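Below is the file structure33.cif, which contains mmCIF, C-alpha atoms and all ligand atoms.
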data_entry
loop_
_atom_site.label_atom_id
_atom_site.label_comp_id
_atom_site.auth_asym_id
_atom_site.auth_seq_id
_atom_site.Cartn_x
_atom_site.Cartn_y
_atom_site.Cartn_z
CA MET A 1 34.35 64.30 264.61
CA ALA A 2 36.31 61.05 264.31
CA VAL A 3 34.32 58.11 262.96
CA VAL A 4 32.94 55.84 265.67
CA TYR A 5 31.81 52.30 264.97
CA ASN A 6 29.29 50.95 267.44
CA PHE A 7 29.34 47.17 267.93
CA SER A 8 26.66 47.16 270.64
CA ALA A 9 24.35 44.13 270.82
CA GLY A 10 21.40 46.44 271.41
CA PRO A 11 20.24 49.09 271.42
CA GLY A 12 22.51 48.98 268.43
CA VAL A 13 23.73 51.01 265.52
CA LEU A 14 21.07 52.60 263.27
CA PRO A 15 21.56 53.88 259.72
CA GLU A 16 23.14 57.32 259.77
CA PRO A 17 20.89 58.76 257.04
CA VAL A 18 17.89 57.84 259.18
CA LEU A 19 19.33 59.51 262.26
CA ARG A 20 19.96 62.66 260.23
CA GLU A 21 16.43 62.62 258.88
CA VAL A 22 15.02 62.19 262.38
CA GLN A 23 17.16 65.07 263.61
CA ALA A 24 16.01 67.33 260.80
CA GLU A 25 12.33 66.53 261.38
CA PHE A 26 12.36 66.45 265.16
CA LEU A 27 11.19 69.97 265.95
CA SER A 28 8.48 70.05 263.36
CA TYR A 29 6.93 67.01 261.75
CA LYS A 30 4.46 68.05 259.05
CA GLN A 31 1.94 69.90 261.27
CA GLY A 32 4.50 72.15 262.99
CA VAL A 33 4.72 70.01 266.11
CA SER A 34 7.30 67.40 267.04
CA ILE A 35 6.52 63.78 266.35
CA VAL A 36 6.74 63.16 270.11
CA GLU A 37 4.02 65.77 270.72
CA MET A 38 1.54 64.25 268.31
CA SER A 39 -1.50 62.13 269.17
CA HIS A 40 -1.13 58.50 268.25
CA ARG A 41 -4.74 58.74 267.02
CA SER A 42 -4.01 61.58 264.59
CA ASP A 43 -4.27 60.96 260.85
CA THR A 44 -0.62 61.89 260.41
CA PHE A 45 0.52 59.35 262.94
CA GLY A 46 -1.93 56.75 261.64
CA THR A 47 -0.25 57.02 258.24
CA ILE A 48 3.15 56.30 259.82
CA VAL A 49 1.85 53.14 261.48
CA GLU A 50 0.18 52.00 258.26
CA GLN A 51 3.39 52.59 256.32
CA LEU A 52 5.40 50.74 258.92
CA GLU A 53 3.16 47.70 258.64
CA THR A 54 3.11 47.83 254.84
CA ARG A 55 6.90 48.00 254.66
CA LEU A 56 7.35 45.19 257.18
CA ARG A 57 4.92 42.98 255.25
CA ARG A 58 6.76 43.72 252.00
CA LEU A 59 10.23 43.19 253.43
CA MET A 60 9.41 39.95 255.24
CA HIS A 61 6.81 38.67 252.74
CA ILE A 62 4.21 38.42 255.49
CA PRO A 63 0.96 36.94 254.15
CA ASP A 64 -2.47 38.39 254.96
CA ASP A 65 -3.37 35.52 257.25
CA TYR A 66 -0.78 36.85 259.70
CA ALA A 67 -1.40 39.83 261.97
CA VAL A 68 1.35 42.28 262.88
CA LEU A 69 1.16 43.69 266.40
CA PHE A 70 3.11 46.67 267.70
CA LEU A 71 3.62 46.19 271.42
CA GLN A 72 5.81 47.27 274.31
CA GLY A 73 7.50 45.37 277.12
CA GLY A 74 10.36 44.07 274.99
CA ALA A 75 10.95 40.49 273.95
CA THR A 76 10.86 39.79 277.67
CA LEU A 77 7.12 40.41 277.94
CA GLN A 78 6.63 37.94 275.08
CA PHE A 79 8.23 35.27 277.25
CA SER A 80 4.93 35.47 279.18
CA MET A 81 2.43 36.63 276.54
CA VAL A 82 3.25 33.66 274.29
CA PRO A 83 2.29 30.96 276.80
CA MET A 84 -0.65 33.01 278.13
CA ASN A 85 -2.13 33.39 274.68
CA LEU A 86 -1.28 30.06 273.04
CA ARG A 87 -2.22 27.90 276.01
CA GLU A 88 -4.53 24.99 275.09
CA THR A 89 -3.17 21.84 276.73
CA GLY A 90 -0.77 23.79 278.97
CA ARG A 91 2.24 21.84 277.65
CA PHE A 92 4.90 23.88 275.90
CA ALA A 93 8.12 22.68 274.25
CA TYR A 94 11.29 24.79 274.28
CA LEU A 95 14.75 24.47 272.82
CA ASP A 96 17.27 25.62 275.40
CA SER A 97 19.97 27.22 273.25
CA GLY A 98 21.22 30.11 275.36
CA ILE A 99 20.65 32.58 278.13
CA TRP A 100 17.65 34.21 276.45
CA SER A 101 15.90 30.91 275.83
CA LYS A 102 16.57 29.96 279.44
CA LYS A 103 14.79 33.13 280.52
CA ALA A 104 11.90 32.37 278.15
CA ILE A 105 11.62 28.89 279.70
CA ALA A 106 11.63 30.27 283.24
CA ASP A 107 8.78 32.66 282.44
CA ALA A 108 6.72 30.04 280.57
CA LYS A 109 6.77 27.83 283.65
CA HIS A 110 4.35 30.27 285.29
CA PHE A 111 1.69 29.22 282.79
CA GLY A 112 2.08 25.48 282.24
CA ASP A 113 4.45 22.54 281.92
CA VAL A 114 7.60 23.19 279.97
CA ILE A 115 9.19 20.32 278.08
CA VAL A 116 12.81 21.09 277.26
CA ALA A 117 13.00 19.35 273.89
CA GLY A 118 16.75 19.88 273.51
CA SER A 119 19.47 21.74 275.36
CA SER A 120 23.03 22.79 274.70
CA ALA A 121 23.59 23.98 278.27
CA ALA A 122 26.17 21.20 278.77
CA SER A 123 28.38 22.76 276.08
CA ASN A 124 27.89 26.15 277.71
CA TYR A 125 25.72 27.02 274.70
CA GLY A 126 28.67 26.93 272.30
CA THR A 127 26.44 24.87 269.99
CA ILE A 128 22.69 24.68 269.42
CA PRO A 129 20.50 21.72 270.32
CA ASP A 130 19.14 19.64 267.41
CA TRP A 131 15.50 19.91 266.54
CA PRO A 132 13.53 17.22 268.35
CA GLU A 133 12.63 14.21 266.18
CA HIS A 134 9.04 13.81 267.30
CA ILE A 135 7.24 16.48 269.10
CA GLN A 136 3.52 16.36 269.65
CA ASP A 137 0.81 17.10 272.20
CA VAL A 138 2.27 20.49 272.97
CA ASP A 139 0.79 23.91 272.24
CA TYR A 140 3.92 25.13 270.48
CA LEU A 141 7.65 24.64 270.09
CA HIS A 142 9.72 27.70 271.01
CA VAL A 143 13.14 28.48 269.59
CA THR A 144 15.52 31.43 269.85
CA LEU A 145 16.54 31.62 266.21
CA ASN A 146 19.65 33.71 266.82
CA ASN A 147 21.36 33.55 270.19
CA THR A 148 22.56 37.10 270.74
CA ILE A 149 24.86 36.38 273.66
CA GLU A 150 26.37 33.09 272.51
CA GLY A 151 26.60 33.88 268.78
CA THR A 152 24.83 30.82 267.39
CA ARG A 153 21.87 30.52 265.05
CA TYR A 154 19.48 28.07 263.45
CA THR A 155 19.40 27.91 259.68
CA LYS A 156 17.22 24.82 259.16
CA LEU A 157 13.70 24.29 260.41
CA PRO A 158 12.07 21.06 261.54
CA ASP A 159 9.26 19.25 259.80
CA THR A 160 6.52 19.54 262.38
CA ASP A 161 2.82 20.24 262.69
CA VAL A 162 3.29 21.90 266.05
CA PRO A 163 3.21 25.73 265.75
CA LEU A 164 6.74 27.09 265.81
CA VAL A 165 7.31 30.18 267.94
CA ALA A 166 10.56 32.05 267.42
CA ASP A 167 12.36 34.83 269.22
CA VAL A 168 13.96 36.72 266.33
CA SER A 169 15.09 39.76 268.30
CA SER A 170 18.64 39.76 266.94
CA ASN A 171 18.16 38.47 263.40
CA ILE A 172 14.91 40.05 262.19
CA LEU A 173 15.54 41.90 258.90
CA ALA A 174 19.18 40.73 259.01
CA GLU A 175 18.51 37.46 257.21
CA ALA A 176 15.58 35.94 255.37
CA ILE A 177 12.99 34.34 257.64
CA ASP A 178 10.31 32.17 256.06
CA VAL A 179 7.37 33.60 258.01
CA GLN A 180 4.92 30.95 256.78
CA ARG A 181 6.84 28.24 258.60
CA TYR A 182 6.01 29.87 261.95
CA GLY A 183 2.96 30.29 264.09
CA LEU A 184 4.42 33.33 265.80
CA LEU A 185 7.56 35.48 265.63
CA TYR A 186 8.53 38.17 268.08
CA ALA A 187 11.35 40.68 268.36
CA GLY A 188 12.40 43.69 270.36
CA ALA A 189 13.07 46.55 267.94
CA GLN A 190 16.33 47.83 269.37
CA LYS A 191 18.75 45.96 267.12
CA ASN A 192 17.73 46.04 263.48
CA ILE A 193 14.47 47.97 263.54
CA GLY A 194 14.79 51.14 265.58
CA PRO A 195 14.97 52.53 269.08
CA ALA A 196 14.02 50.49 272.14
CA GLY A 197 10.40 50.68 273.24
CA LEU A 198 8.76 48.76 270.42
CA THR A 199 8.19 45.01 270.20
CA LEU A 200 6.95 43.30 267.07
CA VAL A 201 4.73 40.23 267.09
CA ILE A 202 3.86 38.50 263.84
CA ILE A 203 1.19 35.89 264.47
CA ARG A 204 -0.89 33.56 262.31
CA ARG A 205 -4.43 34.77 262.75
CA ASP A 206 -5.92 31.36 263.54
CA LEU A 207 -3.75 31.26 266.68
CA ILE A 208 -5.38 34.40 268.05
CA THR A 209 -8.33 33.57 270.26
CA GLU A 210 -10.30 35.53 272.82
CA ARG A 211 -8.76 34.92 276.21
CA ASP A 212 -9.76 35.74 279.71
CA LEU A 213 -6.72 37.96 280.19
CA PRO A 214 -6.14 41.57 281.22
CA SER A 215 -6.59 43.61 278.06
CA TYR A 216 -2.98 44.52 277.30
CA LEU A 217 -1.86 40.91 277.67
CA ALA A 218 -4.31 39.47 275.12
CA TYR A 219 -3.08 39.40 271.50
CA SER A 220 -6.71 39.63 270.34
CA LYS A 221 -6.95 43.17 271.74
CA HIS A 222 -4.06 44.41 269.59
CA VAL A 223 -5.14 43.09 266.20
CA ASP A 224 -5.54 45.82 263.55
CA THR A 225 -5.59 48.55 266.20
CA LEU A 226 -3.45 50.43 268.68
CA LEU A 227 -4.95 49.40 272.02
CA ASN A 228 -3.25 52.16 273.98
CA THR A 229 -0.54 54.78 273.55
CA PRO A 230 2.44 53.09 271.93
CA SER A 231 6.04 54.29 271.94
CA THR A 232 5.28 56.76 269.15
CA PHE A 233 8.89 57.83 268.66
CA SER A 234 10.04 54.21 268.23
CA LEU A 235 7.30 53.51 265.69
CA TYR A 236 8.21 56.63 263.72
CA VAL A 237 11.94 55.83 263.60
CA ALA A 238 11.22 52.17 262.79
CA GLU A 239 9.19 53.25 259.77
CA ARG A 240 12.17 55.32 258.54
CA VAL A 241 14.60 52.44 259.16
CA LEU A 242 12.40 50.09 257.13
CA ALA A 243 12.27 52.66 254.34
CA TRP A 244 16.09 52.65 254.41
CA VAL A 245 16.20 48.83 254.24
CA GLU A 246 13.88 48.93 251.23
CA THR A 247 15.99 51.56 249.47
CA GLU A 248 19.13 49.54 250.11
CA GLY A 249 17.69 46.42 248.48
CA GLY A 250 15.60 44.67 251.13
CA VAL A 251 16.26 41.81 253.51
CA GLU A 252 17.92 39.69 250.82
CA GLU A 253 20.52 42.42 250.32
CA MET A 254 20.94 42.87 254.09
CA GLU A 255 21.59 39.14 254.40
CA ARG A 256 24.14 39.25 251.59
CA ARG A 257 25.96 42.12 253.30
CA ASN A 258 25.78 40.46 256.70
CA GLU A 259 27.19 37.21 255.24
CA LYS A 260 30.07 39.19 253.80
CA LYS A 261 30.79 41.20 256.94
CA SER A 262 30.61 38.22 259.27
CA LYS A 263 32.73 36.04 256.97
CA LEU A 264 35.46 38.69 256.96
CA LEU A 265 35.51 38.78 260.74
CA TYR A 266 35.29 34.99 261.20
CA ASP A 267 38.14 34.52 258.70
CA ALA A 268 40.25 37.07 260.59
CA LEU A 269 39.52 35.33 263.89
CA ASP A 270 40.22 31.87 262.46
CA THR A 271 43.66 32.95 261.25
CA SER A 272 44.61 35.22 264.16
CA PRO A 273 47.53 34.19 266.38
CA LEU A 274 45.81 35.85 269.36
CA PHE A 275 42.04 36.03 268.99
CA TYR A 276 39.58 33.23 268.34
CA ALA A 277 35.83 32.97 267.83
CA LEU A 278 33.86 31.23 270.57
CA VAL A 279 31.66 29.43 268.06
CA SER A 280 32.89 27.20 265.28
CA GLY A 281 31.08 25.40 262.50
CA LYS A 282 27.96 26.00 260.51
CA ASN A 283 25.79 27.53 263.21
CA ARG A 284 27.76 30.72 263.59
CA SER A 285 25.58 33.81 263.88
CA LEU A 286 25.65 36.45 261.15
CA THR A 287 24.93 39.25 263.56
CA ASN A 288 26.61 38.52 266.89
CA ILE A 289 30.19 37.32 267.01
CA PRO A 290 31.65 36.54 270.43
CA PHE A 291 35.43 36.19 270.55
CA THR A 292 38.29 36.21 273.02
CA THR A 293 42.01 35.98 273.53
CA GLY A 294 41.39 33.35 276.20
CA ASP A 295 42.58 35.72 278.89
CA ASP A 296 40.26 38.17 280.70
CA ALA A 297 42.92 40.85 281.22
CA THR A 298 44.00 40.76 277.56
CA ASP A 299 40.38 40.89 276.42
CA GLU A 300 39.84 43.96 278.56
CA ALA A 301 43.08 45.53 277.30
CA PHE A 302 41.90 45.02 273.73
CA ARG A 303 38.46 46.46 274.50
CA GLN A 304 40.09 49.63 275.77
CA PHE A 305 42.63 49.70 272.92
CA ALA A 306 39.78 49.46 270.40
CA GLU A 307 37.70 52.06 272.23
CA THR A 308 40.45 54.66 272.00
CA ARG A 309 40.42 54.02 268.24
CA GLY A 310 36.69 54.65 267.93
CA LEU A 311 35.49 51.04 268.09
CA ILE A 312 33.02 50.95 270.92
CA GLU A 313 30.86 48.41 272.79
CA LEU A 314 33.06 45.40 272.08
CA GLY A 315 32.63 43.89 275.56
CA GLY A 316 30.86 40.53 275.80
CA HIS A 317 27.50 40.23 277.59
CA ARG A 318 27.88 40.87 281.30
CA SER A 319 26.96 37.23 282.06
CA VAL A 320 29.76 35.71 279.93
CA GLY A 321 32.50 38.34 279.55
CA GLY A 322 35.03 38.19 276.72
CA LEU A 323 34.46 40.23 273.57
CA ARG A 324 31.59 40.45 271.11
CA ALA A 325 31.07 42.31 267.86
CA SER A 326 27.46 42.79 266.77
CA LEU A 327 27.21 43.42 263.06
CA TYR A 328 23.65 44.58 262.51
CA ASN A 329 22.34 45.93 259.20
CA ALA A 330 23.53 49.47 259.83
CA MET A 331 27.13 48.41 260.55
CA PRO A 332 29.03 49.29 257.38
CA LEU A 333 31.67 47.00 255.90
CA GLU A 334 34.27 49.64 256.78
CA GLY A 335 33.47 49.12 260.48
CA VAL A 336 34.42 45.46 260.16
CA THR A 337 37.61 46.08 258.17
CA ARG A 338 38.57 48.74 260.72
CA LEU A 339 38.00 46.25 263.56
CA ILE A 340 40.20 43.70 261.81
CA ASP A 341 42.95 46.31 261.29
CA VAL A 342 42.82 47.26 264.96
CA MET A 343 43.00 43.57 265.96
CA HIS A 344 46.17 43.25 263.84
CA GLU A 345 47.59 46.40 265.38
CA PHE A 346 46.96 44.99 268.86
CA GLU A 347 48.55 41.66 267.91
CA GLN A 348 51.68 43.49 266.70
CA GLU A 349 51.92 45.56 269.87
CA GLY A 350 51.92 42.43 271.97
CA GLN A 351 54.89 40.93 270.08
N1 LIG B 1 15.75 37.62 273.29
C1 LIG B 1 16.89 37.87 272.64
C2 LIG B 1 17.35 36.90 271.60
C3 LIG B 1 17.61 39.03 272.92
O1 LIG B 1 18.75 39.29 272.26
C4 LIG B 1 17.13 39.94 273.88
C5 LIG B 1 17.82 41.23 274.21
N2 LIG B 1 19.12 41.36 273.91
C6 LIG B 1 15.96 39.60 274.56
C7 LIG B 1 15.28 38.46 274.23
C8 LIG B 1 15.38 40.51 275.62
O2 LIG B 1 14.85 41.60 274.96
P1 LIG B 1 14.21 42.86 275.67
O3 LIG B 1 15.31 43.57 276.36
O4 LIG B 1 13.65 43.59 274.50
O5 LIG B 1 13.18 42.38 276.61
#

Could you render the structure as structure tokens?
Amino acid sequence: MAVVYNFSAGPGVLPEPVLREVQAEFLSYKQGVSIVEMSHRSDTFGTIVEQLETRLRRLMHIPDDYAVLFLQGGATLQFSMVPMNLRETGRFAYLDSGIWSKKAIADAKHFGDVIVAGSSAASNYGTIPDWPEHIQDVDYLHVTLNNTIEGTRYTKLPDTDVPLVADVSSNILAEAIDVQRYGLLYAGAQKNIGPAGLTLVIIRRDLITERDLPSYLAYSKHVDTLLNTPSTFSLYVAERVLAWVETEGGVEEMERRNEKKSKLLYDALDTSPLFYALVSGKNRSLTNIPFTTGDDATDEAFRQFAETRGLIELGGHRSVGGLRASLYNAMPLEGVTRLIDVMHEFEQEGQ
């Protein structure tokens, strides 16, 4: 079979050795039954969950005073669970840096007053808003650390006493994140962690309080336990993906590779006579690179041209169009060099 490189923004490419392992184990996992037939309360499955947590704590240097929760509902459910569970004064601050943060803001408004502490909407989210200078009397400050659709990211953090809450769906395990600077981090798994169906929440324990909420919606009900049946398959694959990340050298090595891959592509875009990156400057994302020719029909022609050469899912998000290459951990360097070669080929054909 010809090699296919998958540039999807998520669910995205997973490491091939992991997929092979999953395939080999699928019919019979240890006890002669498939992993998807096994009770989530069994000892065998309990070991998988324990291993998953241990690996995540090691890879992200998560201290003991943080709890790790394995949830469902995607990052989208966290848009509501965060304000429900962290509500004290009912005032929440948000940085409006892209379409996903806008959705987070819209959902938070159901639970209190949202203060938009900075917005780059006026630049069509081609940049990120600065951190607010003084922010106080709010329950938390929410930021989308990597903007998957727009291709921007934060690299510096503010000096603030307000708990920072970050959506790290598209950069978790792709670059170092200093967990101790945050009150809460959340991410859908379907980019750098595993299949869709699993959501990670990493929360400082002192922020978890008993709430008068339906059980699933309260963080306190998920601490150190599986409250209900999780997406067992997603947890199992995630544990294998994290084992792969560890074998490959950890998050620091992933970041180094992602720096290298993204630099190659940005350099190619910056010198191309036809294509250009939609984001310039120091806040370019390592994992999501939107680009264009400036013409919808030519973008679409390139998408199809690339697809016939085994480079798939290069279309931009349906809300913005254009092109986008997502370079998650499992995207090999060869995928990026191949993309650059195909861009050159397309440029030549147009001459
Ligand atoms: N936040 C960000 C930064 C995302 O990239 C996505 C999904 N692409 C979401 C939130 C929504 O995630 P989910 O589909 O898991 O709800």

Using only C-alpha atoms and all ligand atoms, find each protein or nucleic acid residue lying at most 7 Å from ligand LIG 1 (chain B); present the set as a list in words. Ala9, Gly10, Gly73, Gly74, Ala75, Thr76, Leu77, Trp100, Thr144, Asn146, Asn147, Thr148, Ile149, Asp167, Val168, Ser169, Ser170 and Gly188 of chain A

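For the pair atom CA of A:Ser231 and atom CA of A:Tyr186, the separation is 16.8 Å.
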
Give me the residues near A:Leu278 as number ranges by chain, where near means some atom within 12 Å (using all atoms listed in the file) and where sequence neighbours in that chain fewer than 3 positions away do not count. A: 123-127, 149-152, 266, 269-270, 275, 281, 283-285, 288-294, 316, 320-325

Between atom CA of A:Asp107 and atom CA of A:Val143, what is the distance, to one decimal in Å? 14.2 Å

Within 12 Å of stretch 32-43 of chain A, which residues of stretch 158-227 of chain A come that close, and what is the closest atom pair and distance in Å for each? Count only C-alpha atoms and give it as CSV.
residue,atom,partner,partner_atom,distance
A:Thr225,CA,A:Arg41,CA,10.3
A:Leu226,CA,A:His40,CA,8.4
A:Leu227,CA,A:His40,CA,10.6

Within 9 Å of A:Lys261, counting only C-alpha atoms, which residues show up once you throw out same-chain ones fewer than 5 positions away? Write them as a compact mmCIF listing (two decimals) with C-alpha atoms, keeping the file's coordinate frame, please.
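Contents of result.txt, freshly written:
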# COMPACT_ATOMS: atom_id res chain seq x y z
CA ARG A 256 24.14 39.25 251.59
CA TYR A 266 35.29 34.99 261.20
CA LEU A 286 25.65 36.45 261.15
CA LEU A 327 27.21 43.42 263.06
CA MET A 331 27.13 48.41 260.55
CA PRO A 332 29.03 49.29 257.38
CA LEU A 333 31.67 47.00 255.90
CA VAL A 336 34.42 45.46 260.16
CA THR A 337 37.61 46.08 258.17

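Between A:Phe70 and the candidates A:Pro273, A:Pro158, A:Gly335, A:Gly197, the tightest atom-to-atom separation, counting all atoms listed in the file, involves A:Gly197.
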
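Non-sequential neighbours of A:Glu313 (distance at most 7 Å, separation of 5 or more positions within a chain, only C-alpha atoms) are Asn6, Phe7 and Ser8 of chain A.
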
Hey, what's within 6 Å of A:Leu311 if we count all atoms listed in the file and toss same-chain stuff fewer than 4 positions away? As a ChimeraX atom specification, please? /A:4-5,306-307

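Distance annotation: of A:Gly118, A:Gly46, A:Gly12, A:Gly183, the residue with the minimal separation from A:Val82 is A:Gly183; atom set is all atoms listed in the file.
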
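The environment of A:Arg87 within 9 Å, counting all atoms listed in the file and disregarding residues fewer than 2 places along the same chain, consists of Val82, Pro83, Met84, Asn85, Thr89, Gly90, Arg91, Phe92, Phe111, Gly112, Asp139 and Tyr140 of chain A.
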
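We find atom CA of A:Asp299 and atom CA of A:Glu345 to be spaced 14.3 Å apart.
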
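With all atoms listed in the file as the basis for measurement, A:Met343 is the residue among A:Met343, A:Leu59, A:Leu198, A:Ile203 that approaches A:Thr298 most closely.
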
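Across A:Ala218, A:Ala2, A:Val342, A:Ala189, the tightest approach to A:Gln72 is made by A:Ala189 when counting only C-alpha atoms.
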
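Counting all atoms listed in the file, the residue from A:Val251, A:Leu27, A:Val245, A:Val279 that sits nearest to A:Asn171 is A:Val251.
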
A:Val241, A:Ala121, A:Leu339, A:Leu71: which is nearest A:Glu16, counting only C-alpha atoms? A:Val241
